[in-house]
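What follows is the content of entry16.cif (mmCIF, C-alpha atoms and all ligand atoms).
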```cif
data_start
#
loop_
_atom_site.label_atom_id
_atom_site.label_comp_id
_atom_site.auth_asym_id
_atom_site.auth_seq_id
_atom_site.Cartn_x
_atom_site.Cartn_y
_atom_site.Cartn_z
CA MET I 84 164.47 72.11 13.42
CA THR I 85 163.54 68.75 14.97
CA PRO I 86 159.76 68.47 14.45
CA PRO I 87 157.85 68.22 17.73
CA SER I 88 156.69 64.70 18.61
CA PRO I 89 155.63 62.99 21.85
CA GLY I 90 158.69 62.78 24.08
CA SER I 91 160.64 65.55 22.35
CA TRP I 92 161.86 68.66 24.21
CA HIS I 93 162.14 72.18 22.77
CA TRP I 94 163.11 75.59 24.10
CA LEU I 95 160.30 78.12 24.01
CA ASP I 96 160.62 81.80 24.86
CA ARG I 97 157.75 84.03 26.02
CA ALA I 98 156.98 85.10 22.45
CA GLY I 99 156.82 81.40 21.52
CA LEU I 100 154.47 80.71 24.44
CA GLN I 101 152.18 83.46 23.11
CA LEU I 102 152.20 81.72 19.71
CA VAL I 103 151.16 78.47 21.46
CA VAL I 104 148.23 80.35 23.04
CA ASP I 105 147.38 81.85 19.64
CA ALA I 106 147.51 78.40 17.98
CA LEU I 107 145.14 76.98 20.59
CA ARG I 108 142.73 79.87 20.09
CA ARG I 109 142.86 79.42 16.29
CA GLN I 110 141.88 75.77 16.87
CA GLY I 111 138.79 77.01 18.73
CA HIS I 112 139.99 76.45 22.31
CA ARG I 113 138.94 78.60 25.21
CA VAL I 114 142.35 79.22 26.81
CA ILE I 115 142.50 79.51 30.61
CA GLY I 116 145.56 80.57 32.60
CA PRO I 117 146.65 81.85 36.01
CA GLN I 118 146.27 85.60 36.57
CA VAL I 119 146.32 88.04 39.48
CA ALA I 120 142.79 89.13 40.40
CA ASP I 121 141.11 90.11 43.67
CA GLY I 122 144.29 89.59 45.69
CA ALA I 123 144.89 86.01 44.55
CA ILE I 124 146.18 84.05 41.57
CA VAL I 125 143.09 82.62 39.94
CA LEU I 126 142.33 80.78 36.70
CA ARG I 127 140.71 82.98 34.04
CA ASP I 128 140.35 83.33 30.29
CA LEU I 129 143.78 84.20 28.94
CA ALA I 130 144.40 86.19 25.76
CA SER I 131 148.01 87.24 26.29
CA VAL I 132 150.98 85.77 28.17
CA THR I 133 151.55 89.30 29.50
CA ASP I 134 148.55 88.58 31.77
CA LEU I 135 150.34 85.63 33.41
CA PRO I 136 151.53 86.40 36.98
CA THR I 137 155.21 86.97 36.16
CA GLY I 138 157.01 88.32 39.23
CA TRP I 139 154.30 87.32 41.72
CA LEU I 140 154.70 84.90 44.61
CA ASP I 141 152.04 83.56 46.95
CA ASP I 142 152.79 83.18 50.67
CA GLN I 143 150.41 80.55 52.03
CA ASP I 144 149.86 79.10 55.49
CA GLY I 145 146.97 77.85 57.60
CA GLY I 146 144.13 80.34 57.01
CA SER I 147 146.45 82.76 55.24
CA TYR I 148 147.14 83.74 51.62
CA ARG I 149 149.12 86.80 50.56
CA LEU I 150 150.56 87.86 47.22
CA ARG I 151 154.01 89.37 47.14
CA HIS I 152 155.71 91.03 44.17
CA ASP I 153 159.26 89.85 43.60
CA PRO I 154 161.02 91.09 40.47
CA THR I 155 163.28 88.00 40.52
CA ALA I 156 160.33 85.58 40.42
CA GLY I 157 159.45 83.82 37.17
CA THR I 158 156.10 83.38 35.45
CA PHE I 159 155.11 80.17 37.27
CA ASP I 160 156.88 80.52 40.65
CA HIS I 161 153.54 80.92 42.42
CA VAL I 162 151.84 77.63 43.34
CA VAL I 163 148.13 76.72 43.37
CA GLY I 164 145.44 79.31 44.09
CA PRO I 165 141.80 78.73 45.05
CA HIS I 166 140.82 77.51 41.56
CA SER I 167 141.61 74.16 39.99
CA LEU I 168 140.57 72.21 36.89
CA LYS I 169 137.41 71.27 38.82
CA ASN I 170 136.06 74.81 38.38
CA PHE I 171 135.98 74.28 34.61
CA LEU I 172 135.28 70.56 34.11
CA PHE I 173 132.69 70.35 36.91
CA PRO I 174 131.51 73.97 37.36
CA ALA I 175 130.11 75.18 40.67
CA ARG I 176 126.70 75.72 39.07
CA GLU I 177 125.36 74.61 35.70
CA THR I 178 122.05 73.95 34.02
CA VAL I 179 121.83 70.26 33.20
CA ALA I 180 118.33 70.28 31.62
CA SER I 181 115.60 72.78 30.69
CA PHE I 182 111.87 72.21 30.33
CA ALA I 183 109.12 74.41 28.84
CA ARG I 184 105.32 74.14 29.12
CA ASP I 185 103.18 74.97 26.12
CA ASP I 186 99.42 74.39 26.10
CA GLY I 187 99.78 72.28 29.22
CA THR I 188 102.41 69.99 27.67
CA TRP I 189 105.96 69.91 29.05
CA THR I 190 108.83 69.37 26.62
CA GLN I 191 112.54 69.16 27.31
CA ALA I 192 114.59 71.74 25.43
CA PRO I 193 117.49 70.38 23.34
CA ARG I 194 120.89 70.82 24.97
CA SER I 195 122.57 74.08 24.09
CA ALA I 196 125.31 74.14 21.46
CA ALA I 197 128.60 72.44 22.34
CA GLU I 198 131.03 74.54 24.38
CA SER I 199 134.47 75.44 23.06
CA PRO I 200 137.12 72.93 24.09
CA LEU I 201 139.21 74.04 27.06
CA ALA I 202 142.97 74.54 27.13
CA VAL I 203 144.47 75.22 30.56
CA LEU I 204 147.96 76.66 31.11
CA GLY I 205 150.04 76.18 34.24
CA VAL I 206 148.54 72.93 35.61
CA ARG I 207 150.63 71.46 38.46
CA GLY I 208 151.33 67.82 39.32
CA CYS I 209 148.87 67.87 42.24
CA ASP I 210 146.08 69.07 39.96
CA LEU I 211 146.88 66.52 37.24
CA ALA I 212 146.57 63.89 40.00
CA ALA I 213 143.26 65.46 41.06
CA LEU I 214 142.07 65.23 37.46
CA ALA I 215 142.83 61.50 37.46
CA VAL I 216 140.84 61.16 40.70
CA GLN I 217 137.84 63.03 39.26
CA ASP I 218 138.07 60.91 36.08
CA ARG I 219 137.51 57.82 38.23
CA VAL I 220 134.47 59.42 39.86
CA PHE I 221 132.81 60.89 36.78
CA LEU I 222 133.88 58.41 34.11
CA GLY I 223 134.94 55.18 35.78
CA SER I 224 132.58 54.38 38.62
CA GLY I 225 129.75 52.82 36.61
CA TYR I 226 128.00 56.11 35.87
CA VAL I 227 129.33 58.44 33.18
CA ASP I 228 128.73 62.15 33.68
CA GLU I 229 128.14 63.30 30.09
CA ALA I 230 128.88 67.00 30.71
CA TYR I 231 132.21 66.18 32.39
CA LYS I 232 133.03 63.64 29.66
CA ALA I 233 132.43 66.16 26.87
CA ARG I 234 134.80 68.68 28.48
CA ARG I 235 137.39 66.11 29.55
CA GLU I 236 137.73 64.46 26.13
CA ARG I 237 138.70 67.75 24.46
CA LEU I 238 140.80 69.18 27.30
CA PHE I 239 144.28 70.43 26.35
CA LEU I 240 146.76 70.54 29.24
CA VAL I 241 149.84 72.76 29.42
CA ALA I 242 151.44 71.53 32.63
CA VAL I 243 154.17 73.19 34.69
CA ASN I 244 156.91 71.53 36.73
CA CYS I 245 157.07 73.33 40.07
CA ARG I 246 160.36 74.89 41.21
CA ARG I 247 158.92 76.43 44.38
CA ALA I 248 156.53 75.05 47.04
CA ALA I 249 154.28 76.88 49.49
CA ALA I 250 154.32 76.09 53.20
CA THR I 251 150.96 74.34 52.72
CA CYS I 252 152.13 71.99 49.93
CA PHE I 253 152.57 68.27 50.70
CA CYS I 254 152.28 66.74 47.22
CA HIS I 255 155.57 64.89 47.82
CA SER I 256 153.92 62.96 50.69
CA MET I 257 150.98 61.95 48.49
CA GLY I 258 153.15 60.98 45.47
CA CYS I 259 151.45 63.67 43.35
CA GLY I 260 154.22 66.20 42.67
CA PRO I 261 156.12 68.42 42.35
CA SER I 262 156.79 66.94 38.87
CA ALA I 263 153.95 67.28 36.39
CA GLY I 264 152.60 64.07 34.97
CA PRO I 265 152.01 61.46 33.87
CA VAL I 266 149.42 62.89 31.44
CA PHE I 267 149.74 66.28 29.70
CA ASP I 268 149.89 67.67 26.17
CA LEU I 269 152.81 70.02 26.85
CA ALA I 270 154.83 70.49 30.05
CA LEU I 271 156.92 73.56 30.81
CA THR I 272 159.97 73.84 33.04
CA GLU I 273 160.93 77.47 33.56
CA ILE I 274 164.68 78.05 33.33
CA GLY I 275 165.98 81.62 33.19
CA ASN I 276 163.65 83.60 30.97
CA ARG I 277 162.57 80.66 28.76
CA PHE I 278 160.81 77.32 29.08
CA ALA I 279 162.00 73.79 28.37
CA CYS I 280 158.86 72.34 26.79
CA GLU I 281 158.26 68.57 26.81
CA VAL I 282 155.73 67.23 24.31
CA GLY I 283 153.33 64.75 25.92
CA SER I 284 150.87 63.91 23.14
CA ASP I 285 150.24 64.06 19.39
CA HIS I 286 147.93 67.01 19.99
CA GLY I 287 150.68 68.78 21.94
CA ALA I 288 153.09 68.17 19.04
CA ALA I 289 150.56 69.55 16.53
CA VAL I 290 149.99 72.72 18.58
CA LEU I 291 153.74 73.27 18.97
CA ALA I 292 154.20 72.72 15.21
CA ALA I 293 151.43 75.26 14.51
CA ALA I 294 153.19 77.77 16.81
CA SER I 295 156.43 77.12 14.94
CA GLU I 296 154.75 77.73 11.57
CA ALA I 297 153.51 81.03 12.99
CA GLY I 298 157.08 82.06 13.86
CA ALA I 299 157.91 80.46 17.25
CA VAL I 300 161.60 79.58 17.48
CA LEU I 301 161.80 75.97 18.69
CA ALA I 302 165.38 74.99 19.45
CA ALA I 303 165.68 71.30 20.40
CA CYS I 304 166.90 70.75 23.96
CA THR I 305 170.17 68.80 24.25
CA ALA I 306 170.38 65.68 26.42
CA SER I 307 172.15 67.61 29.21
CA GLU I 308 169.54 70.39 29.04
CA ILE I 309 166.76 67.77 29.37
CA ASP I 310 168.57 66.34 32.41
CA ALA I 311 168.87 69.82 33.92
CA ALA I 312 165.16 70.51 33.35
CA GLY I 313 164.17 67.16 34.89
CA ALA I 314 166.31 67.98 37.93
CA VAL I 315 164.30 71.14 38.71
CA PRO I 316 161.20 69.43 40.19
CA ARG I 317 163.30 66.48 41.43
CA ASP I 318 165.49 68.82 43.51
CA LEU I 319 162.40 70.59 44.84
CA GLY I 320 160.89 67.20 45.77
CA SER I 321 164.08 66.27 47.65
CA ARG I 322 164.02 69.54 49.58
CA MET I 323 160.31 69.01 50.36
CA HIS I 324 161.01 65.48 51.64
CA ALA I 325 163.82 66.91 53.80
CA ARG I 326 161.38 69.65 54.89
CA GLN I 327 163.94 72.30 54.01
CA THR I 328 163.02 75.91 53.44
CA VAL I 329 162.17 76.19 49.75
CA ASN I 330 163.56 79.44 48.32
CA ASP I 331 162.47 82.04 50.89
CA THR I 332 159.25 80.20 51.77
CA PRO I 333 158.93 78.31 55.10
CA SER I 334 159.33 74.54 54.83
CA PRO I 335 156.35 72.74 53.32
CA ARG I 336 153.96 70.45 55.19
CA SER I 337 154.47 66.71 55.26
CA LEU I 338 152.15 63.79 55.97
CA ASP I 339 153.03 60.28 57.12
CA THR I 340 150.71 58.16 54.96
CA HIS I 341 151.94 54.79 56.24
CA GLY I 342 148.88 52.62 57.00
CA ILE I 343 146.74 55.76 56.94
CA ARG I 344 143.49 54.02 56.02
CA ASP I 345 143.67 51.59 58.93
CA LEU I 346 144.95 54.30 61.30
CA LEU I 347 141.86 56.41 60.66
CA MET I 348 139.37 53.53 60.61
CA ARG I 349 140.48 52.31 64.04
CA ASN I 350 140.21 55.82 65.47
CA LEU I 351 136.60 56.66 64.66
CA GLU I 352 136.05 57.66 68.30
CA HIS I 353 139.32 59.53 68.80
CA PRO I 354 138.99 62.69 70.94
CA GLN I 355 140.70 64.69 68.17
CA TRP I 356 137.40 64.80 66.23
CA ASP I 357 135.82 66.78 69.07
CA GLU I 358 138.91 68.97 69.43
CA VAL I 359 138.85 69.97 65.76
CA ALA I 360 135.09 70.49 65.95
CA SER I 361 135.65 73.11 68.64
CA ARG I 362 137.42 75.19 65.94
CA CYS I 363 135.65 74.17 62.72
CA LEU I 364 132.97 76.59 61.49
CA SER I 365 131.34 74.09 59.08
CA CYS I 366 131.79 76.83 56.49
CA THR I 367 132.41 74.32 53.61
CA ASN I 368 135.43 76.24 52.26
CA CYS I 369 137.70 73.19 52.40
CA THR I 370 135.36 71.14 50.21
CA LEU I 371 134.81 73.97 47.72
CA VAL I 372 138.52 74.54 47.08
CA CYS I 373 139.45 70.85 47.12
CA PRO I 374 140.20 69.76 43.54
CA THR I 375 138.86 66.24 44.14
CA CYS I 376 135.61 66.87 46.08
CA PHE I 377 132.76 65.95 43.76
CA CYS I 378 129.47 66.13 45.71
CA SER I 379 126.63 68.01 44.07
CA SER I 380 122.95 68.68 44.54
CA VAL I 381 120.20 69.36 42.02
CA GLN I 382 117.35 71.81 42.21
CA GLU I 383 114.63 72.90 39.81
CA VAL I 384 114.40 76.65 39.25
CA ALA I 385 111.18 77.97 37.66
CA ASP I 386 110.62 81.36 36.06
CA LEU I 387 107.81 83.59 37.37
CA SER I 388 105.28 82.28 34.85
CA GLY I 389 105.93 78.69 35.89
CA ASP I 390 106.20 77.72 32.20
CA GLN I 391 109.98 77.45 32.12
CA VAL I 392 112.01 75.28 34.49
CA ASP I 393 115.79 74.78 34.60
CA ARG I 394 117.33 71.86 36.41
CA GLU I 395 120.50 73.20 38.02
CA ARG I 396 123.33 71.21 39.49
CA HIS I 397 125.52 72.94 42.08
CA TRP I 398 128.36 71.91 44.32
CA ALA I 399 127.35 70.45 47.67
CA SER I 400 129.44 69.90 50.78
CA CYS I 401 129.48 67.19 53.44
CA PHE I 402 129.90 70.02 55.98
CA SER I 403 126.28 71.09 55.34
CA LEU I 404 123.60 69.65 57.61
CA ASP I 405 121.38 68.95 54.60
CA HIS I 406 124.04 66.81 52.94
CA ALA I 407 123.19 63.83 55.14
CA ARG I 408 119.47 64.51 55.67
CA MET I 409 117.44 61.33 55.63
CA HIS I 410 113.92 60.68 56.94
CA GLY I 411 113.58 64.31 58.02
CA GLN I 412 116.81 64.64 59.98
CA SER I 413 120.55 64.75 59.42
CA VAL I 414 122.48 61.61 60.28
CA ARG I 415 125.57 63.79 60.90
CA SER I 416 124.22 66.47 63.15
CA SER I 417 127.48 67.39 64.91
CA THR I 418 130.43 69.28 63.42
CA ALA I 419 132.72 66.52 64.72
CA SER I 420 130.85 63.89 62.71
CA ARG I 421 130.94 66.01 59.56
CA TYR I 422 134.66 66.78 59.83
CA ARG I 423 135.33 63.09 60.53
CA GLN I 424 133.24 62.11 57.49
CA TRP I 425 135.17 64.48 55.23
CA LEU I 426 138.64 63.56 56.41
CA ILE I 427 138.01 59.81 56.59
CA HIS I 428 136.43 59.77 53.14
CA LYS I 429 139.42 61.67 51.67
CA PHE I 430 142.14 59.60 53.30
CA ALA I 431 140.56 56.17 53.99
CA THR I 432 137.24 55.13 52.46
CA TRP I 433 138.09 56.83 49.17
CA ILE I 434 140.79 54.14 48.87
CA ASP I 435 138.10 51.45 49.29
CA GLN I 436 135.80 53.19 46.83
CA PHE I 437 138.18 54.35 44.09
CA ASP I 438 141.44 52.52 44.85
CA THR I 439 143.24 55.84 45.37
CA SER I 440 143.54 58.52 48.01
CA GLY I 441 141.17 61.45 47.62
CA CYS I 442 143.97 63.86 48.55
CA THR I 443 146.76 65.06 46.28
CA GLY I 444 148.53 67.26 48.83
CA CYS I 445 147.68 70.56 47.12
CA GLY I 446 147.23 72.27 50.50
CA ARG I 447 144.22 74.37 49.46
CA CYS I 448 142.03 73.17 52.35
CA ILE I 449 144.70 74.40 54.79
CA THR I 450 145.16 77.81 53.17
CA TRP I 451 141.49 78.59 52.65
CA CYS I 452 140.18 77.33 56.00
CA PRO I 453 139.31 80.57 57.80
CA VAL I 454 140.52 79.13 61.11
CA GLY I 455 143.58 77.37 59.68
CA ILE I 456 142.55 73.77 60.35
CA ASP I 457 145.28 71.61 58.86
CA VAL I 458 144.67 68.01 57.71
CA THR I 459 148.34 67.14 58.13
CA ARG I 460 148.31 68.25 61.78
CA GLU I 461 144.96 66.59 62.58
CA ILE I 462 146.13 63.26 61.17
CA ALA I 463 149.51 63.60 62.94
CA ALA I 464 147.68 64.25 66.22
CA ILE I 465 145.63 61.07 65.76
CA ARG I 466 148.76 59.10 64.86
CA ALA I 467 150.63 60.43 67.89
CA THR I 468 147.92 59.10 70.22
CA ASP I 469 146.82 56.08 68.19
CA GLY I 470 145.07 53.69 70.56
CA ALA I 471 144.17 56.41 73.06
CA ALA I 472 140.58 56.58 71.80
CA ALA I 473 137.72 55.86 74.15
CA PRO I 474 136.00 52.52 73.54
CA GLU I 475 133.20 52.76 70.97
CA THR I 476 130.18 54.27 72.66
CA GLY I 477 128.74 56.37 69.86
CA ARG I 478 129.76 59.39 71.95
CA GLY I 479 129.42 62.84 70.51
CA THR I 480 130.06 62.29 66.83
CA SER I 481 126.68 61.41 65.41
S1 LIG M 501 142.12 67.36 50.99
FE1 LIG M 501 143.11 69.40 51.03
S2 LIG M 501 145.26 69.03 50.45
FE2 LIG M 501 144.08 67.21 49.86
S3 LIG M 501 143.51 67.54 47.68
FE3 LIG M 501 141.78 68.33 48.95
S4 LIG M 501 142.25 70.52 49.26
FE4 LIG M 501 144.14 69.54 48.51
S1 LIG M 502 137.67 72.64 58.32
FE1 LIG M 502 137.87 74.88 58.01
S2 LIG M 502 137.26 75.23 55.88
FE2 LIG M 502 136.50 73.19 56.45
S3 LIG M 502 134.39 73.54 57.16
FE3 LIG M 502 135.73 73.61 58.99
S4 LIG M 502 136.22 75.81 59.24
FE4 LIG M 502 135.42 75.57 57.14
#
```

Please express what this file holds, its structure, as structure tokens.
Amino acid sequence: MTPPSPGSWHWLDRAGLQLVVDALRRQGHRVIGPQVADGAIVLRDLASVTDLPTGWLDDQDGGSYRLRHDPTAGTFDHVVGPHSLKNFLFPARETVASFARDDGTWTQAPRSAAESPLAVLGVRGCDLAALAVQDRVFLGSGYVDEAYKARRERLFLVAVNCRRAAATCFCHSMGCGPSAGPVFDLALTEIGNRFACEVGSDHGAAVLAAASEAGAVLAACTASEIDAAGAVPRDLGSRMHARQTVNDTPSPRSLDTHGIRDLLMRNLEHPQWDEVASRCLSCTNCTLVCPTCFCSSVQEVADLSGDQVDRERHWASCFSLDHARMHGQSVRSSTASRYRQWLIHKFATWIDQFDTSGCTGCGRCITWCPVGIDVTREIAAIRATDGAAAPETGRGTS
């Protein structure tokens, strides 16, 4: 057997994938993987590959998500669900500090014991791109978030190359998929009832070697088999670019990103902001499911005695009135101004701030918006009438 090393490819069957999961667990990882729960495919603790959603497909569209059982579907033919890596690296709610009062003196409790390192199975190209975006925010913008850093440094990624896209996917437009990369420990391409597994790191090679020692059969992929595996996401990407129906799913979304920053910045007073506001509920769903949104708020929570206080950080959303409250009032009091803030930050000012788009084309904000508001259609509507905006008057959007 060719020993696994970065850049090598090996065939892995389902029993072998289980031995990879077992090897990660023996190394102390908390293993997370996609599973069917509550009518969706979500990320949860994974003990057995039999819990993976083999034979399940997700039909997604604006404001719509349905699971469908298809006995011909593989293990990873679903696409992204409501969860992403964000849920685990930057949890929705966590205690960041605790304080106790004794005899009138407050002391800060030592941080709790280190968490188990995370290993996540089934990560798609769009979510690897979102991870790179969040790395810039939490690690590279002059302030290092220690909790994120501790999880990120020990994260083990088992990526998946997509061979199916949902109607809400537009990763191809954002340059973020459907191929997985560039950073992963292992990457799987499902072919028939086995996986072509590319090794992406020394740690990935060590885990695959440990699975092999435990009995996994690792046949080396031939050059033509590697070519065939590489063609799987490439062919999907070509069909997405051509906006062809992908398998039996309606054609995916697409977004013209040419000059998008300047397009949006010169249309701050476009009537489309008011049109979308007439439908938007300011419910915050789009920001909660977005794998790159990073806003948070902090509150102190005391116990009934008042002698114990936890400082909790929780996700915040720019769709909340309180998000922009200054001097006793919100500076974005209208829904139009809040939607505009969100979309323009994602697709324009994020580029100024982090030198990258804040969108990876995962489509979650389209699927999970209860009224089906669709960023690709809103931006297309602005592009179609670029220059039709009223002169700047401050009308309606503050
Ligand atoms: S803005 Fe929407 S499509 Fe883009 S990354 Fe966020 S949730 Fe995904
Ligand atoms: S765009 Fe949709 S998901 Fe986002 S706040 Fe408005 S109604 Fe909610």

Point to revise | Expected selection as a ChimeraX atom specification for ligand LIG 502 (chain M) within 9 Å, all atoms listed in the file | key: /I:146,359-360,362-372,400-403,418,421-422,425,448-458

task = Name all residues at most 6 Å from I:Ala263 (count all atoms listed in the file; drop same-chain ones fewer than 3 positions away) and give them as number ranges by chain.
result = I: 207-208, 244

All residues 12 Å or closer to I:Gln382, all atoms listed in the file, same chain fewer than 4 positions away omitted, as a list of chain:residue names: I:Arg176, I:Glu177, I:Thr178, I:Val179, I:Ala180, I:Ser181, I:Val392, I:Asp393, I:Arg394, I:Glu395, I:Arg396, I:His397, I:Trp398, I:Ala399

Writing out the chosen residues with C-alpha atoms as an mmCIF file, in the coordinates of the input:
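Heads up, here's the output in selection-v3.cif:
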```cif
data_model
loop_
_atom_site.group_PDB
_atom_site.id
_atom_site.type_symbol
_atom_site.label_atom_id
_atom_site.label_comp_id
_atom_site.auth_asym_id
_atom_site.auth_seq_id
_atom_site.Cartn_x
_atom_site.Cartn_y
_atom_site.Cartn_z
ATOM 1 C CA ARG I 176 126.700 75.720 39.070
ATOM 2 C CA GLU I 177 125.360 74.610 35.700
ATOM 3 C CA THR I 178 122.050 73.950 34.020
ATOM 4 C CA VAL I 179 121.830 70.260 33.200
ATOM 5 C CA ALA I 180 118.330 70.280 31.620
ATOM 6 C CA SER I 181 115.600 72.780 30.690
ATOM 7 C CA VAL I 392 112.010 75.280 34.490
ATOM 8 C CA ASP I 393 115.790 74.780 34.600
ATOM 9 C CA ARG I 394 117.330 71.860 36.410
ATOM 10 C CA GLU I 395 120.500 73.200 38.020
ATOM 11 C CA ARG I 396 123.330 71.210 39.490
ATOM 12 C CA HIS I 397 125.520 72.940 42.080
ATOM 13 C CA TRP I 398 128.360 71.910 44.320
ATOM 14 C CA ALA I 399 127.350 70.450 47.670
#
```

Using only C-alpha atoms, give me every residue within 12 Å of (135.1, 57.2, 46.6) in file coordinates, as a ChimeraX atom specification.
/I:216-221,223-224,375-378,425,427-442

Can you spit out the residues from that selection as a PDB file, keeping the file's coordinate frame, using C-alpha atoms?
```
ATOM      1  CA  VAL I 216     140.840  61.160  40.700  1.00  0.00           C
ATOM      2  CA  GLN I 217     137.840  63.030  39.260  1.00  0.00           C
ATOM      3  CA  ASP I 218     138.070  60.910  36.080  1.00  0.00           C
ATOM      4  CA  ARG I 219     137.510  57.820  38.230  1.00  0.00           C
ATOM      5  CA  VAL I 220     134.470  59.420  39.860  1.00  0.00           C
ATOM      6  CA  PHE I 221     132.810  60.890  36.780  1.00  0.00           C
ATOM      7  CA  GLY I 223     134.940  55.180  35.780  1.00  0.00           C
ATOM      8  CA  SER I 224     132.580  54.380  38.620  1.00  0.00           C
ATOM      9  CA  THR I 375     138.860  66.240  44.140  1.00  0.00           C
ATOM     10  CA  CYS I 376     135.610  66.870  46.080  1.00  0.00           C
ATOM     11  CA  PHE I 377     132.760  65.950  43.760  1.00  0.00           C
ATOM     12  CA  CYS I 378     129.470  66.130  45.710  1.00  0.00           C
ATOM     13  CA  TRP I 425     135.170  64.480  55.230  1.00  0.00           C
ATOM     14  CA  ILE I 427     138.010  59.810  56.590  1.00  0.00           C
ATOM     15  CA  HIS I 428     136.430  59.770  53.140  1.00  0.00           C
ATOM     16  CA  LYS I 429     139.420  61.670  51.670  1.00  0.00           C
ATOM     17  CA  PHE I 430     142.140  59.600  53.300  1.00  0.00           C
ATOM     18  CA  ALA I 431     140.560  56.170  53.990  1.00  0.00           C
ATOM     19  CA  THR I 432     137.240  55.130  52.460  1.00  0.00           C
ATOM     20  CA  TRP I 433     138.090  56.830  49.170  1.00  0.00           C
ATOM     21  CA  ILE I 434     140.790  54.140  48.870  1.00  0.00           C
ATOM     22  CA  ASP I 435     138.100  51.450  49.290  1.00  0.00           C
ATOM     23  CA  GLN I 436     135.800  53.190  46.830  1.00  0.00           C
ATOM     24  CA  PHE I 437     138.180  54.350  44.090  1.00  0.00           C
ATOM     25  CA  ASP I 438     141.440  52.520  44.850  1.00  0.00           C
ATOM     26  CA  THR I 439     143.240  55.840  45.370  1.00  0.00           C
ATOM     27  CA  SER I 440     143.540  58.520  48.010  1.00  0.00           C
ATOM     28  CA  GLY I 441     141.170  61.450  47.620  1.00  0.00           C
ATOM     29  CA  CYS I 442     143.970  63.860  48.550  1.00  0.00           C
TER      30      CYS I 442
END
```

Correct to one decimal, the distance atom CA of I:Ser167-atom CA of I:Arg109 is 24.3 Å

Using only C-alpha atoms, the residue out of I:Ala212, I:Val104, I:Val243, I:Ala130 with shortest distance to I:Ala293 is I:Val104

Problem set entry | Near-I:Leu204 list (10 Å; all atoms listed in the file; drop same-chain fewer than 5 positions) as a ChimeraX atom specification | /I:104,114-117,126,129,135,239-243,269-271

Across I:Ala407, I:Leu338, I:Leu172, I:Ala385, the smallest distance to ligand LIG 501 (chain M), with only C-alpha atoms and all ligand atoms counted, is shown by I:Leu338

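Distance-wise, atom CA of I:Asp390 and atom CA of I:Arg184 end up 4.8 Å apart.
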
Contacts of I:Leu301 at 8 Å (all atoms listed in the file; same-chain gap of 5+ positions) as number ranges by chain: I: 84, 93-95, 99, 295

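Using all atoms listed in the file, the nearest neighbour of ligand LIG 501 (chain M) within the list I:Asp210, I:Glu296, I:Glu358, I:Asp185 is I:Asp210.
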
Practice item. Write out as a list in words which residues come within 12 Å of I:Asp318 when counting all atoms listed in the file, dropping same-chain ones fewer than 4 positions away. Key: Asn244, Cys245, Arg246, Arg247, Ala248, His255, Gly260, Pro261, Ser262, Asp310, Ala311, Ala312, Gly313, Ala314, Arg322, Met323, His324, Ala325, Gln327, Val329 and Asn330 of chain I

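The gap separating atom CA of I:Glu461 from atom CA of I:Arg336 is 12.3 Å, in Å to one decimal.
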
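Nearest residue to ligand LIG 501 (chain M), choosing from I:Gln355, I:Arg234, I:Arg460, I:Gly320 and counting all atoms listed in the file: I:Arg460.
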
With distances taken over all atoms listed in the file, the candidate from I:Arg349, I:Leu404, I:Pro87, I:Ser131 nearest I:Ser284 is I:Pro87

With distances taken over all atoms listed in the file, the candidate from I:Leu238, I:Ala294, I:Cys209, I:Ile343 nearest I:Phe171 is I:Leu238

Practice problem: Could you please give me, as a list in words, the residues of protein, DNA or RNA lying at most 10 Å from (163.9, 85.5, 32.8) in the coordinate frame of the file, considering only C-alpha atoms? | Solution: Asp96, Arg97, Thr137, Gly138, Pro154, Thr155, Ala156, Gly157, Thr158, Glu273, Ile274, Gly275, Asn276, Arg277 and Phe278 of chain I

Could you write out as AutoDock Vina command-line options the box around stretch 157-175 of chain I (axis-aligned, all atoms listed in the file, 6 Å on each side), with centre and edge lengths in Å to one decimal?
```
--center_x 144.8 --center_y 77.1 --center_z 39.6 --size_x 41.3 --size_y 25.5 --size_z 22.9
```
